Structures are given as C-alpha cells and as structure tokens.
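Next comes data38.cif, a file with mmCIF, C-alpha atoms and all ligand atoms.
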data_protein
#
loop_
_atom_site.group_PDB
_atom_site.id
_atom_site.type_symbol
_atom_site.label_atom_id
_atom_site.label_comp_id
_atom_site.auth_asym_id
_atom_site.auth_seq_id
_atom_site.Cartn_x
_atom_site.Cartn_y
_atom_site.Cartn_z
ATOM 1 C CA MET A 2 222.103 42.745 60.419
ATOM 2 C CA PRO A 3 218.834 43.975 62.021
ATOM 3 C CA ARG A 4 216.484 46.052 59.908
ATOM 4 C CA TYR A 5 214.797 49.183 61.198
ATOM 5 C CA ALA A 6 211.868 51.444 60.416
ATOM 6 C CA LEU A 7 212.963 55.054 60.953
ATOM 7 C CA VAL A 8 210.098 57.314 62.065
ATOM 8 C CA THR A 9 210.544 61.085 62.339
ATOM 9 C CA GLY A 10 208.326 63.005 64.743
ATOM 10 C CA ALA A 11 207.910 59.846 66.789
ATOM 11 C CA SER A 12 207.586 61.651 70.140
ATOM 12 C CA SER A 13 203.938 62.590 69.698
ATOM 13 C CA GLY A 14 200.687 62.289 67.737
ATOM 14 C CA ILE A 15 200.651 60.477 64.391
ATOM 15 C CA GLY A 16 204.360 59.573 64.441
ATOM 16 C CA LEU A 17 204.110 58.009 67.887
ATOM 17 C CA ALA A 18 200.989 56.039 66.889
ATOM 18 C CA LEU A 19 202.642 54.846 63.647
ATOM 19 C CA ALA A 20 205.750 53.787 65.583
ATOM 20 C CA GLU A 21 203.586 51.830 68.029
ATOM 21 C CA ALA A 22 201.609 50.146 65.224
ATOM 22 C CA LEU A 23 204.899 49.124 63.552
ATOM 23 C CA ALA A 24 206.407 47.840 66.823
ATOM 24 C CA ARG A 25 203.245 45.831 67.397
ATOM 25 C CA ARG A 26 203.972 44.129 64.047
ATOM 26 C CA GLY A 27 207.480 43.254 65.214
ATOM 27 C CA ARG A 28 209.408 46.037 63.475
ATOM 28 C CA ASN A 29 212.618 47.367 65.024
ATOM 29 C CA LEU A 30 212.539 51.136 65.212
ATOM 30 C CA ILE A 31 214.687 54.245 65.099
ATOM 31 C CA LEU A 32 212.727 57.126 66.614
ATOM 32 C CA VAL A 33 213.662 60.700 65.679
ATOM 33 C CA ALA A 34 212.449 63.952 67.288
ATOM 34 C CA ARG A 35 213.744 66.737 69.546
ATOM 35 C CA GLN A 36 212.388 65.646 72.951
ATOM 36 C CA ARG A 37 215.030 63.270 74.288
ATOM 37 C CA ASP A 38 213.207 62.287 77.496
ATOM 38 C CA VAL A 39 210.051 61.347 75.570
ATOM 39 C CA LEU A 40 211.992 59.306 72.995
ATOM 40 C CA GLU A 41 213.882 57.525 75.744
ATOM 41 C CA SER A 42 210.748 56.472 77.609
ATOM 42 C CA VAL A 43 208.904 55.482 74.402
ATOM 43 C CA ALA A 44 211.906 53.365 73.329
ATOM 44 C CA CYS A 45 211.983 51.681 76.721
ATOM 45 C CA GLU A 46 208.220 51.054 76.719
ATOM 46 C CA PHE A 47 208.090 49.609 73.173
ATOM 47 C CA THR A 48 211.086 47.355 73.816
ATOM 48 C CA GLN A 49 209.369 45.909 76.888
ATOM 49 C CA ARG A 50 205.873 45.646 75.409
ATOM 50 C CA PHE A 51 206.711 44.367 71.938
ATOM 51 C CA GLY A 52 210.163 42.750 72.315
ATOM 52 C CA VAL A 53 211.622 44.784 69.436
ATOM 53 C CA GLU A 54 214.851 46.778 69.285
ATOM 54 C CA VAL A 55 214.200 50.511 69.559
ATOM 55 C CA LEU A 56 216.936 53.097 69.017
ATOM 56 C CA PHE A 57 216.398 56.832 69.128
ATOM 57 C CA ARG A 58 218.151 59.926 67.806
ATOM 58 C CA THR A 59 217.445 63.415 69.096
ATOM 59 C CA CYS A 60 217.551 65.815 66.172
ATOM 60 C CA ASN A 61 216.102 69.210 65.422
ATOM 61 C CA LEU A 62 215.296 68.668 61.740
ATOM 62 C CA ALA A 63 215.118 72.441 61.218
ATOM 63 C CA HIS A 64 218.740 72.768 62.352
ATOM 64 C CA PRO A 65 221.060 72.235 59.339
ATOM 65 C CA THR A 66 224.005 70.932 61.405
ATOM 66 C CA GLN A 67 221.870 68.479 63.364
ATOM 67 C CA LEU A 68 220.145 67.266 60.200
ATOM 68 C CA THR A 69 223.509 66.829 58.458
ATOM 69 C CA GLY A 70 224.792 64.848 61.476
ATOM 70 C CA LEU A 71 221.806 62.490 61.261
ATOM 71 C CA ILE A 72 222.161 62.135 57.481
ATOM 72 C CA HIS A 73 225.895 61.343 57.821
ATOM 73 C CA GLU A 74 225.181 58.619 60.336
ATOM 74 C CA LEU A 75 222.529 57.115 58.065
ATOM 75 C CA GLU A 76 224.849 57.311 55.031
ATOM 76 C CA GLN A 77 227.488 55.217 56.852
ATOM 77 C CA GLY A 78 225.165 52.295 56.077
ATOM 78 C CA GLU A 79 225.628 50.663 59.490
ATOM 79 C CA LEU A 80 221.919 50.872 60.219
ATOM 80 C CA HIS A 81 219.858 48.921 57.709
ATOM 81 C CA ILE A 82 216.676 50.981 57.245
ATOM 82 C CA ASP A 83 214.000 49.272 55.190
ATOM 83 C CA LEU A 84 211.179 51.697 56.018
ATOM 84 C CA LEU A 85 211.456 55.487 56.275
ATOM 85 C CA VAL A 86 208.464 57.352 57.699
ATOM 86 C CA ASN A 87 208.851 61.078 57.080
ATOM 87 C CA ASN A 88 206.200 62.268 59.521
ATOM 88 C CA ALA A 89 207.676 65.173 61.552
ATOM 89 C CA GLY A 90 205.896 68.406 60.783
ATOM 90 C CA LEU A 91 204.368 71.587 62.063
ATOM 91 C CA GLY A 92 201.794 74.092 60.873
ATOM 92 C CA THR A 93 201.288 77.820 60.740
ATOM 93 C CA SER A 94 197.942 79.580 60.601
ATOM 94 C CA GLY A 95 196.570 83.113 60.327
ATOM 95 C CA PRO A 96 197.351 85.886 57.847
ATOM 96 C CA PHE A 97 200.630 85.109 56.054
ATOM 97 C CA LEU A 98 201.862 88.702 56.221
ATOM 98 C CA ASP A 99 201.432 88.791 60.002
ATOM 99 C CA SER A 100 203.118 85.460 60.613
ATOM 100 C CA ASP A 101 206.366 85.043 62.474
ATOM 101 C CA TRP A 102 209.035 84.400 59.818
ATOM 102 C CA GLY A 103 211.018 82.141 62.162
ATOM 103 C CA ARG A 104 208.119 79.695 62.370
ATOM 104 C CA GLU A 105 207.454 79.919 58.618
ATOM 105 C CA GLN A 106 211.078 79.010 57.975
ATOM 106 C CA GLN A 107 210.983 76.167 60.491
ATOM 107 C CA GLN A 108 207.902 74.816 58.712
ATOM 108 C CA LEU A 109 209.699 74.870 55.354
ATOM 109 C CA GLU A 110 212.807 73.271 56.854
ATOM 110 C CA VAL A 111 211.018 70.420 58.619
ATOM 111 C CA ASN A 112 208.010 69.753 56.359
ATOM 112 C CA LEU A 113 209.878 70.084 53.038
ATOM 113 C CA LEU A 114 213.663 70.301 53.257
ATOM 114 C CA ALA A 115 214.376 67.628 55.900
ATOM 115 C CA LEU A 116 211.795 65.304 54.338
ATOM 116 C CA THR A 117 213.371 65.678 50.894
ATOM 117 C CA ARG A 118 216.951 65.216 52.198
ATOM 118 C CA LEU A 119 215.935 62.087 54.074
ATOM 119 C CA CYS A 120 214.242 60.671 50.933
ATOM 120 C CA HIS A 121 217.490 61.316 49.043
ATOM 121 C CA ALA A 122 219.925 59.947 51.642
ATOM 122 C CA VAL A 123 217.900 56.978 52.896
ATOM 123 C CA GLY A 124 216.580 56.291 49.370
ATOM 124 C CA ASN A 125 220.194 55.917 48.140
ATOM 125 C CA SER A 126 221.069 53.568 51.018
ATOM 126 C CA MET A 127 217.945 51.523 50.295
ATOM 127 C CA ALA A 128 218.850 51.300 46.600
ATOM 128 C CA LEU A 129 222.312 49.952 47.558
ATOM 129 C CA GLN A 130 220.721 47.456 49.941
ATOM 130 C CA GLY A 131 218.325 46.188 47.280
ATOM 131 C CA GLY A 132 215.154 48.100 48.178
ATOM 132 C CA GLY A 133 212.878 49.455 50.865
ATOM 133 C CA GLN A 134 209.797 51.523 51.492
ATOM 134 C CA ILE A 135 209.205 55.235 52.118
ATOM 135 C CA LEU A 136 206.093 56.809 53.598
ATOM 136 C CA ASN A 137 205.823 60.592 53.469
ATOM 137 C CA VAL A 138 203.151 62.332 55.543
ATOM 138 C CA ALA A 139 201.260 65.019 53.614
ATOM 139 C CA SER A 140 197.640 65.921 54.411
ATOM 140 C CA VAL A 141 194.230 66.290 52.773
ATOM 141 C CA ALA A 142 195.374 69.921 52.639
ATOM 142 C CA ALA A 143 197.646 68.811 49.768
ATOM 143 C CA PHE A 144 194.710 68.675 47.334
ATOM 144 C CA GLN A 145 193.768 72.362 47.426
ATOM 145 C CA PRO A 146 194.932 75.882 48.211
ATOM 146 C CA GLY A 147 194.252 76.932 51.830
ATOM 147 C CA PRO A 148 193.987 80.636 52.595
ATOM 148 C CA TRP A 149 194.976 81.434 56.210
ATOM 149 C CA MET A 150 197.229 78.388 56.147
ATOM 150 C CA SER A 151 198.587 79.082 52.665
ATOM 151 C CA SER A 152 202.195 78.019 53.176
ATOM 152 C CA TYR A 153 201.215 74.851 55.084
ATOM 153 C CA TYR A 154 198.788 73.731 52.340
ATOM 154 C CA ALA A 155 201.310 74.552 49.609
ATOM 155 C CA GLY A 156 204.002 72.587 51.444
ATOM 156 C CA LYS A 157 201.765 69.529 51.699
ATOM 157 C CA ALA A 158 200.988 69.778 47.954
ATOM 158 C CA TYR A 159 204.772 69.621 47.434
ATOM 159 C CA VAL A 160 205.007 66.480 49.610
ATOM 160 C CA LEU A 161 202.142 64.807 47.705
ATOM 161 C CA ASN A 162 203.621 65.571 44.280
ATOM 162 C CA LEU A 163 207.188 64.725 45.311
ATOM 163 C CA SER A 164 206.049 61.365 46.689
ATOM 164 C CA GLU A 165 204.037 60.452 43.599
ATOM 165 C CA GLY A 166 206.966 61.421 41.368
ATOM 166 C CA LEU A 167 209.483 59.450 43.443
ATOM 167 C CA ARG A 168 207.164 56.427 43.479
ATOM 168 C CA GLU A 169 207.511 56.128 39.700
ATOM 169 C CA GLU A 170 211.256 56.936 39.701
ATOM 170 C CA MET A 171 212.260 54.627 42.535
ATOM 171 C CA LYS A 172 210.204 51.613 41.493
ATOM 172 C CA SER A 173 213.045 50.319 39.313
ATOM 173 C CA ARG A 174 215.445 50.602 42.306
ATOM 174 C CA GLY A 175 213.223 48.393 44.457
ATOM 175 C CA ILE A 176 211.823 51.224 46.573
ATOM 176 C CA LYS A 177 208.090 51.605 47.180
ATOM 177 C CA VAL A 178 206.973 55.159 47.935
ATOM 178 C CA SER A 179 203.599 55.994 49.486
ATOM 179 C CA VAL A 180 202.097 59.208 50.744
ATOM 180 C CA LEU A 181 199.750 59.522 53.716
ATOM 181 C CA CYS A 182 197.117 62.254 53.552
ATOM 182 C CA PRO A 183 195.360 62.449 56.915
ATOM 183 C CA GLY A 184 192.390 64.677 57.623
ATOM 184 C CA PRO A 185 191.902 66.308 61.027
ATOM 185 C CA THR A 186 193.494 64.036 63.633
ATOM 186 C CA ARG A 187 193.476 64.467 67.429
ATOM 187 C CA THR A 188 197.088 65.490 68.195
ATOM 188 C CA ALA A 189 199.083 68.449 69.523
ATOM 189 C CA PHE A 190 199.349 69.779 65.943
ATOM 190 C CA PHE A 191 196.545 72.355 66.241
ATOM 191 C CA ARG A 192 197.886 73.861 69.475
ATOM 192 C CA GLY A 193 201.278 74.229 67.810
ATOM 193 C CA ALA A 194 199.663 75.872 64.778
ATOM 194 C CA ALA A 195 197.712 78.305 67.032
ATOM 195 C CA MET A 196 194.357 76.864 65.982
ATOM 196 C CA GLU A 197 191.306 76.353 68.168
ATOM 197 C CA MET A 198 189.355 73.364 66.991
ATOM 198 C CA GLY A 199 186.510 73.831 69.505
ATOM 199 C CA LYS A 200 183.627 71.398 69.019
ATOM 200 C CA LEU A 201 185.398 69.642 66.150
ATOM 201 C CA ASP A 202 187.792 68.166 68.710
ATOM 202 C CA GLY A 203 185.194 65.783 70.144
ATOM 203 C CA SER A 204 183.355 65.129 66.868
ATOM 204 C CA LYS A 205 183.553 62.248 64.397
ATOM 205 C CA LEU A 206 185.312 64.590 61.974
ATOM 206 C CA MET A 207 188.461 64.154 64.065
ATOM 207 C CA MET A 208 190.153 60.772 63.832
ATOM 208 C CA SER A 209 192.302 59.330 66.593
ATOM 209 C CA ALA A 210 196.001 58.911 65.809
ATOM 210 C CA GLU A 211 195.741 55.197 66.726
ATOM 211 C CA GLU A 212 192.871 54.569 64.253
ATOM 212 C CA LEU A 213 194.807 56.448 61.573
ATOM 213 C CA ALA A 214 197.990 54.439 62.259
ATOM 214 C CA LEU A 215 196.227 51.081 62.047
ATOM 215 C CA TYR A 216 194.663 52.007 58.696
ATOM 216 C CA THR A 217 198.014 53.289 57.438
ATOM 217 C CA VAL A 218 200.150 50.244 58.271
ATOM 218 C CA ARG A 219 197.581 48.010 56.555
ATOM 219 C CA ALA A 220 197.609 50.250 53.469
ATOM 220 C CA LEU A 221 201.426 50.249 53.490
ATOM 221 C CA GLU A 222 201.457 46.461 53.466
ATOM 222 C CA LYS A 223 199.320 46.667 50.313
ATOM 223 C CA ASN A 224 201.736 49.239 48.836
ATOM 224 C CA ARG A 225 199.006 51.844 48.264
ATOM 225 C CA ALA A 226 200.282 54.967 46.484
ATOM 226 C CA ILE A 227 198.070 57.563 48.210
ATOM 227 C CA ILE A 228 196.699 56.666 51.628
ATOM 228 C CA ILE A 229 193.705 58.717 52.778
ATOM 229 C CA PRO A 230 192.216 57.309 56.001
ATOM 230 C CA GLY A 231 188.451 57.790 56.514
ATOM 231 C CA TRP A 232 185.655 58.119 53.961
ATOM 232 C CA ARG A 233 185.033 61.773 54.882
ATOM 233 C CA ASN A 234 188.648 62.616 54.103
ATOM 234 C CA ARG A 235 188.566 60.661 50.825
ATOM 235 C CA LEU A 236 185.419 62.551 49.856
ATOM 236 C CA ALA A 237 187.019 65.895 50.766
ATOM 237 C CA ALA A 238 190.131 65.091 48.729
ATOM 238 C CA ARG A 239 188.095 64.022 45.675
ATOM 239 C CA SER A 240 185.509 66.799 45.787
ATOM 240 C CA SER A 241 188.190 69.483 45.502
ATOM 241 C CA ARG A 242 188.995 68.035 42.045
ATOM 242 C CA PHE A 243 185.474 68.511 40.730
ATOM 243 C CA ALA A 244 184.405 71.816 42.319
ATOM 244 C CA PRO A 245 185.458 75.069 40.601
ATOM 245 C CA ARG A 246 188.840 76.310 41.872
ATOM 246 C CA TRP A 247 187.443 79.662 43.088
ATOM 247 C CA LEU A 248 184.871 77.830 45.235
ATOM 248 C CA VAL A 249 187.486 75.466 46.682
ATOM 249 C CA ARG A 250 189.653 78.480 47.652
ATOM 250 C CA LYS A 251 186.725 80.306 49.270
ATOM 251 C CA LEU A 252 185.545 77.261 51.236
ATOM 252 C CA ALA A 253 188.999 76.289 52.478
ATOM 253 C CA GLY A 254 189.652 79.902 53.480
ATOM 254 C CA ALA A 255 186.355 80.180 55.362
ATOM 255 C CA ILE A 256 187.045 76.940 57.280
ATOM 256 C CA ASN A 257 190.616 77.880 58.163
ATOM 257 C CA LYS A 258 189.652 81.393 59.238
ATOM 258 C CA ARG A 259 187.078 79.936 61.619
ATOM 259 C CA PHE A 260 189.636 77.783 63.397
ATOM 260 C CA THR A 261 192.484 80.293 63.464
ATOM 261 C CA ALA A 262 192.951 81.463 67.041
ATOM 262 C CA GLN A 263 194.108 85.002 66.068
HETATM 263 N N1 LIG A 301 196.957 66.363 63.246
HETATM 264 C C1 LIG A 301 196.397 66.565 62.072
HETATM 265 O O1 LIG A 301 195.178 66.886 61.977
HETATM 266 C C2 LIG A 301 197.179 66.362 60.797
HETATM 267 C C3 LIG A 301 196.463 66.297 59.593
HETATM 268 C C4 LIG A 301 197.158 66.120 58.410
HETATM 269 C C5 LIG A 301 198.534 65.981 58.424
HETATM 270 N N2 LIG A 301 199.215 66.050 59.617
HETATM 271 C C6 LIG A 301 200.671 65.902 59.558
HETATM 272 O O2 LIG A 301 201.050 64.818 60.406
HETATM 273 C C7 LIG A 301 202.397 64.996 60.827
HETATM 274 C C8 LIG A 301 202.483 64.766 62.331
HETATM 275 O O3 LIG A 301 201.728 65.753 63.004
HETATM 276 P P1 LIG A 301 200.909 65.469 64.334
HETATM 277 O O4 LIG A 301 199.504 65.805 64.074
HETATM 278 O O5 LIG A 301 201.243 64.143 64.875
HETATM 279 O O6 LIG A 301 201.495 66.639 65.257
HETATM 280 P P2 LIG A 301 202.273 66.627 66.652
HETATM 281 O O7 LIG A 301 201.567 65.780 67.634
HETATM 282 O O8 LIG A 301 202.514 68.064 66.952
HETATM 283 O O9 LIG A 301 203.660 65.906 66.309
HETATM 284 C C9 LIG A 301 204.657 66.534 65.554
HETATM 285 C C10 LIG A 301 205.914 65.700 65.647
HETATM 286 O O10 LIG A 301 206.926 66.329 64.836
HETATM 287 C C11 LIG A 301 208.094 66.516 65.607
HETATM 288 N N3 LIG A 301 208.786 67.738 65.211
HETATM 289 C C12 LIG A 301 208.262 68.980 65.066
HETATM 290 N N4 LIG A 301 209.223 69.867 64.775
HETATM 291 C C13 LIG A 301 210.389 69.152 64.730
HETATM 292 C C14 LIG A 301 211.729 69.499 64.492
HETATM 293 N N5 LIG A 301 212.109 70.764 64.266
HETATM 294 N N6 LIG A 301 212.662 68.526 64.506
HETATM 295 C C15 LIG A 301 212.316 67.237 64.773
HETATM 296 N N7 LIG A 301 211.064 66.852 65.011
HETATM 297 C C16 LIG A 301 210.109 67.798 64.991
HETATM 298 C C17 LIG A 301 207.609 66.598 67.062
HETATM 299 O O11 LIG A 301 208.616 66.142 67.951
HETATM 300 P P3 LIG A 301 209.461 67.066 68.974
HETATM 301 O O12 LIG A 301 208.594 68.166 69.439
HETATM 302 O O13 LIG A 301 209.890 66.106 70.044
HETATM 303 O O14 LIG A 301 210.615 67.518 68.149
HETATM 304 C C18 LIG A 301 206.458 65.614 67.059
HETATM 305 O O15 LIG A 301 206.926 64.310 67.313
HETATM 306 C C19 LIG A 301 202.804 66.396 60.377
HETATM 307 O O16 LIG A 301 203.573 66.302 59.207
HETATM 308 C C20 LIG A 301 201.467 67.079 60.084
HETATM 309 O O17 LIG A 301 201.592 68.093 59.124
HETATM 310 C C21 LIG A 301 198.564 66.238 60.795
#
Please express the file's structure as structure tokens.
Ligand SMILES: NC(=O)c1ccc[n+]([C@@H]2O[C@H](COP(=O)([O-])OP(=O)(O)OC[C@H]3O[C@@H](n4cnc5c(N)ncnc54)[C@H](OP(=O)(O)O)[C@@H]3O)[C@@H](O)[C@H]2O)c1
Amino acid sequence: MPRYALVTGASSGIGLALAEALARRGRNLILVARQRDVLESVACEFTQRFGVEVLFRTCNLAHPTQLTGLIHELEQGELHIDLLVNNAGLGTSGPFLDSDWGREQQQLEVNLLALTRLCHAVGNSMALQGGGQILNVASVAAFQPGPWMSSYYAGKAYVLNLSEGLREEMKSRGIKVSVLCPGPTRTAFFRGAAMEMGKLDGSKLMMSAEELALYTVRALEKNRAIIIPGWRNRLAARSSRFAPRWLVRKLAGAINKRFTAQ
C-alpha cells in the first residue's frame, strides 16, 4: 500500500514549497486546498518532475461539511498517511474591534479547528498503522502577544502549545510531532491579511518559501520538536522570553501597526 504525506494549503506559499521539497525526496503526496485548478496542475507537474504519486482533494477547511467529508475519507484508512503537514492558514490584521467577524471566524476554523481535527483523525489512523509524523505550522508570532494581530498571534500560540503537548502524548503511539515556527516569509499571506510589507519584502528579513522548506524537511528528518528557520527568527523567538512582557507587547504592537494597511 503506498504511503502519502498529506499537506494542507499546498496550493501556494509555504505549503506548496514543502510539498515540492517532499516530492523531491520521493514522497507521494496528497495536496489539500480550495483552488482545484492549481492543485491539479501542481499534482501533474510534481508527478512528471519527481516520478511520485500525487493525489489532491479540494476542501474548504473552514466549511464544516467539507472538512467532515475529508476527515471521513481519511478515517476509512484506505490512504496510508505517514506524514501530516497542517500548514493551511490565514491572518487578520488591524484593530480587533473593527475586524470583519467572518474572516476572524474563518481564521479560527482553519488555523485552529481544522488543524486540531486533522491531528485527531490522522493521528488515530497513524496509531493504528504503527506510527507516523505530524508537522503543524505555527509562527514566531506564537512566542508573544501581538497587538493589531491579536487573534492571529494567540492562535499560533495555541498551535505551538498543542503541538508540544501532543509530541509528549503521542510518542508512545509511535507518532513524532513537530511544530514549524517561520518568521516573515515571501508568500501571498500578507496580501490576504491586508498587510503592506513595503521595503521588508525585498530585505533579508524575509525568507523565501523554498529556503524555509529545505530547512524544514531536514529538521523533520532529525525529528526536531520546534523548528525555527533562520538565526534572526530564532533570536526573535528567544528574546521574547527574556524581555519584560510589557516591552514585548509594545514592540510587537508597534511593528504590526506599521505594516497594517488600514
Ligand atoms: N508567510 C509568512 O510570513 C508566515 C509566517 C509564519 C507563519 N506562516 C503560516 O504559514 C502557513 C502558510 O501560509 P503562507 O505564508 O504560505 O500563505 P499563503 O501563500 O496565503 O498560503 C495559504 C494556503 O492556505 C490555504 N488555505 C487558506 N484558507 C483555506 C481554507 N479555508 N481551506 C483550505 N485551504 C485554505 C490556501 O489555499 P487555497 O486558497 O487554495 O484554499 C493556501 O494554499 C499559515 O499557517 C501561516 O499562518 C506564514
């Protein structure tokens, strides 16, 4: 029975780059996102370039019925998934009280709820099949509060803590859990979150999704618990632990406010 790596949010940015890096290493893939035409052409391209089997499932992870449909298919156990990459996500920015509730809810549903349900469903299948690996995508935002992106930062803190907790719990069931905490990465994320990155876009502070993916697959092979690509991002994540909390809040708020388009 072939084994697959299932990657959510594989139609763009970090998810697409991770899927490519995995295909390059000979992994069969199941790509999940909403944009069917993109998934179809990526699947076709990776099959031709890397000689791997690539399936895709179109699914709006914020849509309960569609998510349940995907989960049911995965629970049938006919697809042997030995790596789950919970990458799909979106951001909101600007004053929380002025935000569009629909987008806030979508963020909670994709970034937290779908990710958690997939850990539960695929984690159980992996346990039955003797083990596997899960990679959840958080952010360096997970290490601190982030005014003007408060719900996004808080959601990523949830993903970080959930992943670390599950890593300890699932070890005895043969499942390795890691969490990826990228810093600013050149993708469509900022446009979606209504942020203008300006000069930062071309600077060294922004990593490319390909560079990030290469670092990540290597770290996954070493079963690293928390994967933070780039020394600047590791420094940022660590420094928030030592600086006073009030200062961390003020700094994060000032940075986010600067890049918020509103
Ligand atoms: N870029 C950064 O600087 C950065 C930094 C830290 C963490 N991250 C995290 O990295 C992850 C990937 O983001 P990215 O930067 O690669 O952004 P991106 O280029 O906008 O990609 C987001 C991906 O998520 C999918 N997605 C969004 N909403 C979805 C939904 N309702 N149902 C199914 N799929 C959905 C999108 O696919 P469709 O549109 O086809 O559905 C797309 O493939 C996110 O979790 C983000 O929070 C990003």
Which protein, DNA or RNA residues have an atom at most 10 Å from (217.6, 48.9, 68.7), counting only C-alpha atoms? List them as a PDB file with C-alpha atoms, in the coordinates of the input.
ATOM      1  CA  PRO A   3     218.834  43.975  62.021  1.00  0.00           C
ATOM      2  CA  ARG A   4     216.484  46.052  59.908  1.00  0.00           C
ATOM      3  CA  TYR A   5     214.797  49.183  61.198  1.00  0.00           C
ATOM      4  CA  ASN A  29     212.618  47.367  65.024  1.00  0.00           C
ATOM      5  CA  LEU A  30     212.539  51.136  65.212  1.00  0.00           C
ATOM      6  CA  ILE A  31     214.687  54.245  65.099  1.00  0.00           C
ATOM      7  CA  LEU A  32     212.727  57.126  66.614  1.00  0.00           C
ATOM      8  CA  ALA A  44     211.906  53.365  73.329  1.00  0.00           C
ATOM      9  CA  THR A  48     211.086  47.355  73.816  1.00  0.00           C
ATOM     10  CA  VAL A  53     211.622  44.784  69.436  1.00  0.00           C
ATOM     11  CA  GLU A  54     214.851  46.778  69.285  1.00  0.00           C
ATOM     12  CA  VAL A  55     214.200  50.511  69.559  1.00  0.00           C
ATOM     13  CA  LEU A  56     216.936  53.097  69.017  1.00  0.00           C
ATOM     14  CA  PHE A  57     216.398  56.832  69.128  1.00  0.00           C
ATOM     15  CA  LEU A  80     221.919  50.872  60.219  1.00  0.00           C
TER      16      LEU A  80
END
**Message:** With distances taken over all atoms listed in the file, which residue among A:Ala253, A:Met2, A:Ala122, A:Leu113 lies nearest Glu79 in chain A?
**Reply:**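 Checking each of A:Ala253, A:Met2, A:Ala122, A:Leu113 against Glu79 in chain A, counting all atoms listed in the file, the winner is A:Met2.
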**Request:** Set the cut-off to 7 Å, count only C-alpha atoms and all ligand atoms, and list whatever residues fall near ligand LIG 301 (chain A) as a count of residues only.
**Result:** 40
**Message:** Using all atoms listed in the file, can you tell me which of A:Asn257, A:Lys177, A:Phe144, A:Met150 comes closest to Phe243 in chain A?
**Reply:** A:Phe144
**Best match for closeness to Leu167 in chain A among A:Ile72, A:Leu136, A:Ala142, A:Leu84, counting only C-alpha atoms** = A:Leu136
Grab all the atoms of range 216-231 of chain A that the file lists, wrap them in a box along x, y and z, add 3 Å per side, and give me centre plus edge lengths in Å (one decimal) as lines of an AutoDock Vina configuration file.
center_x = 195.1
center_y = 52.6
center_z = 52.6
size_x = 19.3
size_y = 18.3
size_z = 18.2
**Prompt:** Which is closer to Thr217 in chain A than all the others in A:Gln145, A:Ser179, A:Thr66, A:Ser240, using all atoms listed in the file?
**Reply:**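 When distances to Thr217 in chain A are compared using all atoms listed in the file, the smallest one comes from A:Ser179.
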**Message:** Taking all atoms listed in the file into account, name the residue in A:Val180, A:Leu215, A:Ser152, A:Met198 that is nearest to Glu105 in chain A.
**Reply:**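 So, comparing all the options, the nearest one is A:Ser152.
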**Request:** Determine the residue membership of the PyMOL selection byres (((chain A and resi 157) around 7) and not hetatm) for the file above and supply it as a list in words.
**Result:**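 Against this file, the PyMOL selection byres (((chain A and resi 157) around 7) and not hetatm) returns the residues Ala139, Ser140, Ala142, Ala143, Tyr153, Tyr154, Ala155, Gly156, Ala158, Tyr159, Val160 and Leu161 of chain A.
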